[in-house]
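Peer 1: Dropping in coords-v8.txt, with compact mmCIF, C-alpha atoms and all ligand atoms.
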# COMPACT_ATOMS: atom_id res chain seq x y z
CA MET Y 197 -3.20 14.53 3.59
CA HIS Y 198 -0.05 13.01 5.03
CA LYS Y 199 0.26 9.23 5.05
CA ARG Y 200 0.07 7.63 8.45
CA ILE Y 201 2.58 5.08 9.72
CA ALA Y 202 2.01 2.59 12.53
CA VAL Y 203 5.34 1.65 14.11
CA PHE Y 204 5.66 -1.72 15.87
CA LEU Y 205 8.53 -2.14 18.31
CA SER Y 206 9.64 -4.08 21.37
CA GLY Y 207 12.67 -2.21 22.69
CA ARG Y 208 14.68 0.97 22.81
CA GLY Y 209 13.44 2.36 19.49
CA SER Y 210 16.56 3.94 17.99
CA ASN Y 211 15.31 3.14 14.47
CA PHE Y 212 11.93 4.62 15.35
CA GLN Y 213 13.78 7.74 16.47
CA SER Y 214 15.76 7.97 13.23
CA ILE Y 215 12.50 7.89 11.27
CA LEU Y 216 10.83 10.38 13.58
CA LYS Y 217 13.73 12.78 13.09
CA GLN Y 218 13.19 12.83 9.32
CA ILE Y 219 9.45 13.23 9.73
CA LYS Y 220 10.04 16.25 11.94
CA LYS Y 221 12.43 17.72 9.36
CA GLY Y 222 9.74 17.28 6.70
CA ILE Y 223 11.91 14.88 4.68
CA ILE Y 224 9.49 12.01 5.22
CA LYS Y 225 6.07 13.45 4.51
CA ALA Y 226 4.11 11.31 6.92
CA GLU Y 227 3.04 11.12 10.51
CA ILE Y 228 3.21 8.38 13.10
CA SER Y 229 -0.34 7.18 13.68
CA VAL Y 230 0.48 4.94 16.63
CA VAL Y 231 3.30 2.98 18.19
CA ILE Y 232 2.34 -0.57 19.03
CA THR Y 233 4.41 -2.65 21.41
CA ASP Y 234 4.25 -6.03 23.10
CA ASN Y 235 6.56 -4.77 25.83
CA PRO Y 236 5.20 -2.43 28.50
CA ASN Y 237 8.82 -1.63 29.45
CA ALA Y 238 9.97 -0.72 25.94
CA GLY Y 239 12.37 2.21 26.17
CA ALA Y 240 10.69 3.72 23.12
CA LEU Y 241 7.58 4.47 25.20
CA ALA Y 242 9.49 7.33 26.81
CA ILE Y 243 9.89 8.81 23.33
CA THR Y 244 6.20 8.50 22.44
CA GLU Y 245 5.28 10.15 25.71
CA LYS Y 246 7.71 13.01 25.21
CA GLU Y 247 6.61 13.51 21.61
CA ASN Y 248 2.91 13.14 22.32
CA ILE Y 249 2.56 10.15 19.99
CA SER Y 250 -0.20 7.61 20.66
CA SER Y 251 0.98 4.22 21.87
CA GLU Y 252 -0.72 0.92 22.59
CA VAL Y 253 0.69 -1.98 24.57
CA ILE Y 254 -0.84 -5.16 23.19
CA ILE Y 255 0.12 -8.38 24.94
CA ARG Y 256 -0.63 -11.86 23.64
CA LYS Y 257 -1.53 -13.33 27.04
CA ASP Y 258 -4.38 -10.84 27.44
CA PHE Y 259 -6.25 -12.59 24.60
CA LYS Y 260 -7.95 -15.94 24.60
CA ASN Y 261 -6.27 -17.08 21.40
CA ILE Y 262 -3.93 -15.92 18.63
CA LYS Y 263 -6.82 -15.04 16.32
CA ALA Y 264 -8.39 -12.67 18.84
CA TYR Y 265 -4.96 -11.14 19.45
CA ASN Y 266 -4.24 -10.56 15.75
CA ASN Y 267 -7.74 -9.23 15.12
CA TYR Y 268 -7.32 -6.73 17.92
CA ILE Y 269 -3.99 -5.52 16.50
CA LEU Y 270 -5.54 -5.05 13.06
CA LYS Y 271 -8.50 -3.22 14.58
CA THR Y 272 -6.12 -0.94 16.46
CA ILE Y 273 -3.99 0.02 13.46
CA LYS Y 274 -7.16 0.72 11.49
CA LYS Y 275 -8.59 2.76 14.35
CA TYR Y 276 -5.55 5.01 14.04
CA LYS Y 277 -6.09 5.20 10.27
CA SER Y 278 -2.67 3.76 9.46
CA ASP Y 279 -1.61 3.49 5.82
CA PHE Y 280 1.69 1.67 6.42
CA ILE Y 281 3.30 -0.49 9.10
CA VAL Y 282 6.97 -0.11 9.93
CA LEU Y 283 8.51 -2.74 12.19
CA ALA Y 284 11.41 -1.35 14.18
CA GLY Y 285 12.73 -4.05 16.47
CA TYR Y 286 9.40 -5.84 16.94
CA LEU Y 287 9.94 -9.37 18.16
CA LYS Y 288 6.55 -10.91 17.41
CA ILE Y 289 5.37 -12.49 14.18
CA ILE Y 290 2.81 -10.46 12.20
CA GLY Y 291 -0.58 -12.17 11.84
CA SER Y 292 -1.63 -13.22 8.35
CA ASN Y 293 -4.79 -11.09 8.67
CA ILE Y 294 -2.51 -8.03 8.95
CA VAL Y 295 -0.14 -9.18 6.19
CA LYS Y 296 -3.15 -9.57 3.86
CA ALA Y 297 -4.78 -6.26 4.79
CA TYR Y 298 -1.49 -4.37 4.37
CA LYS Y 299 0.02 -6.17 1.40
CA ASP Y 300 3.36 -4.59 0.41
CA LYS Y 301 2.78 -1.95 3.03
CA ILE Y 302 4.65 -3.58 5.91
CA ILE Y 303 8.41 -3.37 6.15
CA ASN Y 304 11.04 -4.58 8.59
CA ILE Y 305 14.72 -3.97 9.20
CA HIS Y 306 17.13 -6.77 10.06
CA PRO Y 307 20.75 -6.35 11.18
CA ALA Y 308 22.30 -8.86 8.74
CA LEU Y 309 22.28 -9.72 5.06
CA LEU Y 310 19.16 -11.84 4.60
CA PRO Y 311 18.49 -14.60 3.69
CA LEU Y 312 21.51 -15.34 5.90
CA PHE Y 313 21.26 -15.04 9.67
CA GLY Y 314 17.50 -14.61 9.88
CA GLY Y 315 14.61 -16.58 11.34
CA LYS Y 316 13.37 -17.38 14.80
CA GLY Y 317 15.84 -16.55 17.57
CA MET Y 318 17.95 -14.43 15.22
CA TYR Y 319 17.58 -11.06 16.85
CA GLY Y 320 19.71 -8.67 18.84
CA ILE Y 321 23.23 -9.75 19.67
CA ASN Y 322 22.51 -13.38 18.60
CA VAL Y 323 22.68 -12.26 14.99
CA HIS Y 324 26.12 -10.72 15.31
CA LYS Y 325 27.49 -13.63 17.34
CA ALA Y 326 26.37 -16.02 14.60
CA VAL Y 327 27.94 -13.87 11.89
CA LEU Y 328 31.28 -13.76 13.73
CA GLU Y 329 31.20 -17.51 14.40
CA SER Y 330 30.54 -18.17 10.71
CA GLY Y 331 33.73 -16.40 9.67
CA MET Y 332 31.90 -14.20 7.15
CA LYS Y 333 33.86 -11.13 6.11
CA VAL Y 334 30.78 -8.99 5.53
CA SER Y 335 27.51 -8.50 7.30
CA GLY Y 336 25.09 -5.62 6.97
CA VAL Y 337 21.52 -4.42 6.98
CA THR Y 338 18.44 -5.65 5.15
CA VAL Y 339 15.13 -3.85 4.75
CA HIS Y 340 12.39 -6.14 3.48
CA PHE Y 341 8.67 -6.51 3.03
CA VAL Y 342 7.02 -8.55 5.74
CA ASP Y 343 5.24 -11.82 5.15
CA GLU Y 344 3.87 -14.47 7.52
CA THR Y 345 7.23 -15.83 8.67
CA TYR Y 346 10.34 -14.31 10.23
CA ASP Y 347 12.75 -12.58 7.85
CA THR Y 348 11.65 -14.23 4.59
CA GLY Y 349 9.85 -11.36 2.85
CA THR Y 350 11.11 -9.79 -0.37
CA VAL Y 351 14.28 -7.74 0.06
CA ILE Y 352 13.92 -4.01 -0.64
CA ALA Y 353 17.39 -2.68 0.18
CA GLN Y 354 20.67 -3.89 1.63
CA VAL Y 355 23.88 -2.32 2.81
CA ALA Y 356 27.03 -4.34 3.44
CA VAL Y 357 29.22 -3.69 6.47
CA LYS Y 358 32.75 -5.07 6.69
CA VAL Y 359 33.50 -7.51 9.50
CA GLU Y 360 36.81 -6.50 11.10
CA ASN Y 361 39.28 -9.12 12.30
CA ASN Y 362 38.91 -8.47 16.01
CA ASP Y 363 35.26 -7.44 16.05
CA THR Y 364 33.21 -8.26 19.12
CA PRO Y 365 29.48 -8.83 18.50
CA GLU Y 366 28.84 -5.50 20.21
CA GLU Y 367 31.25 -3.59 17.98
CA LEU Y 368 29.78 -5.11 14.85
CA ALA Y 369 26.24 -4.39 16.12
CA HIS Y 370 27.20 -0.77 16.73
CA ARG Y 371 28.55 -0.18 13.22
CA ILE Y 372 25.56 -1.94 11.68
CA LEU Y 373 23.10 0.09 13.76
CA LYS Y 374 24.64 3.30 12.44
CA CYS Y 375 23.86 2.07 8.89
CA GLU Y 376 20.35 1.08 9.93
CA HIS Y 377 19.68 4.66 10.99
CA LYS Y 378 20.51 5.84 7.47
CA ILE Y 379 18.91 3.19 5.31
CA TYR Y 380 15.61 2.80 7.19
CA PRO Y 381 14.45 6.43 6.96
CA TYR Y 382 15.51 6.39 3.29
CA VAL Y 383 13.36 3.32 2.53
CA VAL Y 384 10.44 4.64 4.57
CA LYS Y 385 10.52 7.85 2.54
CA LYS Y 386 10.59 5.93 -0.74
CA LEU Y 387 7.71 3.75 0.41
CA ILE Y 388 5.60 6.74 1.47
CA ASP Y 389 6.38 8.50 -1.80
CA GLY Y 390 5.20 5.45 -3.78
CA LYS Y 391 8.66 4.89 -5.28
CA ILE Y 392 9.00 1.23 -4.36
CA LYS Y 393 7.66 -1.30 -6.84
CA ARG Y 394 7.74 -5.05 -6.40
CA LYS Y 395 7.58 -7.65 -9.17
CA GLY Y 396 7.71 -11.07 -7.55
CA ARG Y 397 10.98 -11.23 -5.60
CA LYS Y 398 12.44 -8.22 -7.41
CA VAL Y 399 12.08 -4.74 -6.00
CA TYR Y 400 12.75 -1.51 -7.85
CA ILE Y 401 13.31 1.79 -6.07
CA ARG Y 402 12.72 4.78 -8.30
CA PRO Y 403 14.84 7.90 -7.85
C1 LIG J 1 17.70 -3.33 15.17
O1 LIG J 1 18.99 -3.86 15.16
C2 LIG J 1 16.86 -3.88 14.03
O2 LIG J 1 17.64 -4.20 12.91
C3 LIG J 1 16.26 -5.12 14.61
O3 LIG J 1 16.02 -4.80 15.96
C4 LIG J 1 16.91 -3.77 16.39
C5 LIG J 1 16.07 -2.68 16.96
O4 LIG J 1 16.83 -1.67 17.54
N1 LIG J 1 15.10 -5.55 13.89
P1 LIG J 1 16.16 -0.31 17.98
O5 LIG J 1 15.09 -0.66 19.02
O6 LIG J 1 15.58 0.34 16.77
O7 LIG J 1 17.27 0.50 18.59
Rewrite the structure of this file - the entire thing - as structure tokens.

Peer 2:
Amino acid sequence: MHKRIAVFLSGRGSNFQSILKQIKKGIIKAEISVVITDNPNAGALAITEKENISSEVIIRKDFKNIKAYNNYILKTIKKYKSDFIVLAGYLKIIGSNIVKAYKDKIINIHPALLPLFGGKGMYGINVHKAVLESGMKVSGVTVHFVDETYDTGTVIAQVAVKVENNDTPEELAHRILKCEHKIYPYVVKKLIDGKIKRKGRKVYIRP
């Protein structure tokens, strides 16, 4: 039986697409159980529709409190029999009920080298603007396990990307995104294949 991945996203879903591509090719031996979004206008919903993938729009304000909201999300991912959760541009924090139920089974991708340039408000073009303002000569991509706060989970894999002298935030974002589309499917495959082992803050990826 193939493992089932719930993908959480808020936007266009280019990382989701890069993973889907490798699933379709049979490189990642898994299927997408459901796509969960907090944004009814997420561009990625056009992809789920086209590909006949289940999707659920779950919005915080439709629930009386955060606990009810998080419980509903957990219930939904279980309803779709999800084994793993892959965050691909999801802007909301993951509830601790979900983090506990899916320990070491939730991953996220961030367009910078964590622990630098992470945390609340550090998403999208803000990240790249901050990197350029800092004068750093490298930025990159981080894939990490997800815990209860933004961008603090254990690092699984990183790729460095050179910052060019005259980079605009958009140019840097573009080059980094190209790396994201390579590293994320790679890590998802390793995770599904049971090749990622964590010991405290150290992660080992087996060949
Ligand atoms: C990516 O840059 C990812 O690193 C970050 O959010 C962005 C999502 O882009 N977490 P996309 O929706 O996958 O195109």

Peer 1: So which one's closest to Lys296 (chain Y), Y:Leu270, Y:Ala369, Y:Val357, Y:Val384? Using only C-alpha atoms, please.

Peer 2: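 Counting only C-alpha atoms, the residue closest to Lys296 (chain Y) is Y:Leu270.
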
Peer 1: Taking into account all atoms listed in the file, which residue in the set Y:Asn266, Y:Asn261, Y:Asn237, Y:Thr338 is nearest to ligand LIG 1 (chain J)?

Peer 2: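 Result for the nearest residue to ligand LIG 1 (chain J): Y:Thr338.
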
Peer 1: Looking at only C-alpha atoms, which of Y:Lys288, Y:Lys221, Y:His306, Y:Lys398 is the one that sits closest to Ile379 (chain Y)?

Peer 2: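 Closest to Ile379 (chain Y), using only C-alpha atoms: Y:His306.
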
Peer 1: Which is closest to ligand LIG 1 (chain J) among Y:His370, Y:Lys385, Y:Lys391, Y:Lys333, if we use only C-alpha atoms and all ligand atoms?

Peer 2: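 Ranking Y:His370, Y:Lys385, Y:Lys391, Y:Lys333 by distance to ligand LIG 1 (chain J), first place goes to Y:His370.
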
Peer 1: Find the residues near ligand LIG 1 (chain J). Use a cut-off of 9 Å, count only C-alpha atoms and all ligand atoms, and write them as a PDB file with C-alpha atoms, in the coordinates of the input.

Peer 2:
ATOM      1  CA  LEU Y 205       8.530  -2.140  18.310  1.00  0.00           C
ATOM      2  CA  SER Y 206       9.640  -4.080  21.370  1.00  0.00           C
ATOM      3  CA  GLY Y 207      12.670  -2.210  22.690  1.00  0.00           C
ATOM      4  CA  ARG Y 208      14.680   0.970  22.810  1.00  0.00           C
ATOM      5  CA  GLY Y 209      13.440   2.360  19.490  1.00  0.00           C
ATOM      6  CA  SER Y 210      16.560   3.940  17.990  1.00  0.00           C
ATOM      7  CA  ASN Y 211      15.310   3.140  14.470  1.00  0.00           C
ATOM      8  CA  PHE Y 212      11.930   4.620  15.350  1.00  0.00           C
ATOM      9  CA  GLN Y 213      13.780   7.740  16.470  1.00  0.00           C
ATOM     10  CA  SER Y 214      15.760   7.970  13.230  1.00  0.00           C
ATOM     11  CA  ALA Y 238       9.970  -0.720  25.940  1.00  0.00           C
ATOM     12  CA  GLY Y 239      12.370   2.210  26.170  1.00  0.00           C
ATOM     13  CA  ALA Y 240      10.690   3.720  23.120  1.00  0.00           C
ATOM     14  CA  LEU Y 283       8.510  -2.740  12.190  1.00  0.00           C
ATOM     15  CA  ALA Y 284      11.410  -1.350  14.180  1.00  0.00           C
ATOM     16  CA  GLY Y 285      12.730  -4.050  16.470  1.00  0.00           C
ATOM     17  CA  TYR Y 286       9.400  -5.840  16.940  1.00  0.00           C
ATOM     18  CA  LEU Y 287       9.940  -9.370  18.160  1.00  0.00           C
ATOM     19  CA  ASN Y 304      11.040  -4.580   8.590  1.00  0.00           C
ATOM     20  CA  ILE Y 305      14.720  -3.970   9.200  1.00  0.00           C
ATOM     21  CA  HIS Y 306      17.130  -6.770  10.060  1.00  0.00           C
ATOM     22  CA  PRO Y 307      20.750  -6.350  11.180  1.00  0.00           C
ATOM     23  CA  ALA Y 308      22.300  -8.860   8.740  1.00  0.00           C
ATOM     24  CA  TYR Y 319      17.580 -11.060  16.850  1.00  0.00           C
ATOM     25  CA  GLY Y 320      19.710  -8.670  18.840  1.00  0.00           C
ATOM     26  CA  ILE Y 321      23.230  -9.750  19.670  1.00  0.00           C
ATOM     27  CA  VAL Y 337      21.520  -4.420   6.980  1.00  0.00           C
ATOM     28  CA  THR Y 338      18.440  -5.650   5.150  1.00  0.00           C
ATOM     29  CA  VAL Y 339      15.130  -3.850   4.750  1.00  0.00           C
ATOM     30  CA  ALA Y 369      26.240  -4.390  16.120  1.00  0.00           C
ATOM     31  CA  HIS Y 370      27.200  -0.770  16.730  1.00  0.00           C
ATOM     32  CA  ILE Y 372      25.560  -1.940  11.680  1.00  0.00           C
ATOM     33  CA  LEU Y 373      23.100   0.090  13.760  1.00  0.00           C
ATOM     34  CA  GLU Y 376      20.350   1.080   9.930  1.00  0.00           C
ATOM     35  CA  HIS Y 377      19.680   4.660  10.990  1.00  0.00           C
TER      36      HIS Y 377
END

Peer 1: What's the separation between CA of His198 (chain Y) and CA of Ser292 (chain Y), in Å to one decimal place?

Peer 2: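 Between these atoms lies a distance of 26.5 Å.
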
Peer 1: Within 10 Å of Thr272 (chain Y), counting all atoms listed in the file, which residues show up once you throw out same-chain ones fewer than 3 positions away? Write them as a list of chain:residue names, please.

Peer 2: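 Contacts, in chain order: Y:Ala202, Y:Val230, Y:Ile232, Y:Glu252, Y:Ile254, Y:Asn266, Y:Asn267, Y:Tyr268, Y:Ile269, Y:Lys275, Y:Tyr276, Y:Lys277, Y:Ser278.
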
Peer 1: Between Y:Pro381, Y:Cys375, Y:Thr244, Y:Asp300, which is the closest to Gly396 (chain Y) once you count all atoms listed in the file?

Peer 2: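 When distances to Gly396 (chain Y) are compared using all atoms listed in the file, the smallest one comes from Y:Asp300.
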
Peer 1: Report, in Å to a single decimal, how far apart CA of Gln218 (chain Y) and CA of Asp389 (chain Y) are.

Peer 2: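 Distance between the two atoms: 13.7 Å.
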
Peer 1: With distances taken over all atoms listed in the file, which residue among Y:Asn362, Y:Asn322, Y:Ser330, Y:Asn293 lies nearest Glu344 (chain Y)?

Peer 2: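 Looking only at the distances to Glu344 (chain Y), the closest residue turns out to be Y:Asn293.
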
Peer 1: Take every atom of region 204-210 of chain Y listed in the file, pad by 6 Å on each side, and give me the axis-aligned box centre and edge lengths in Å, one decimal, as AutoDock Vina command-line options.

Peer 2:
--center_x 11.1 --center_y -0.1 --center_z 19.3 --size_x 22.9 --size_y 20.0 --size_z 18.9

Peer 1: So what do you get for CA of Lys199 (chain Y) versus CA of Ile224 (chain Y), distance-wise?

Peer 2: 9.6 Å

Peer 1: Excluding Arg394 (chain Y) and its own-chain neighbours fewer than 3 positions away, which residues fall within 10 Å of it when counting all atoms listed in the file? Please give them as a PyMOL selection string.

Peer 2: chain Y and resi 300+341+350-352+397-401
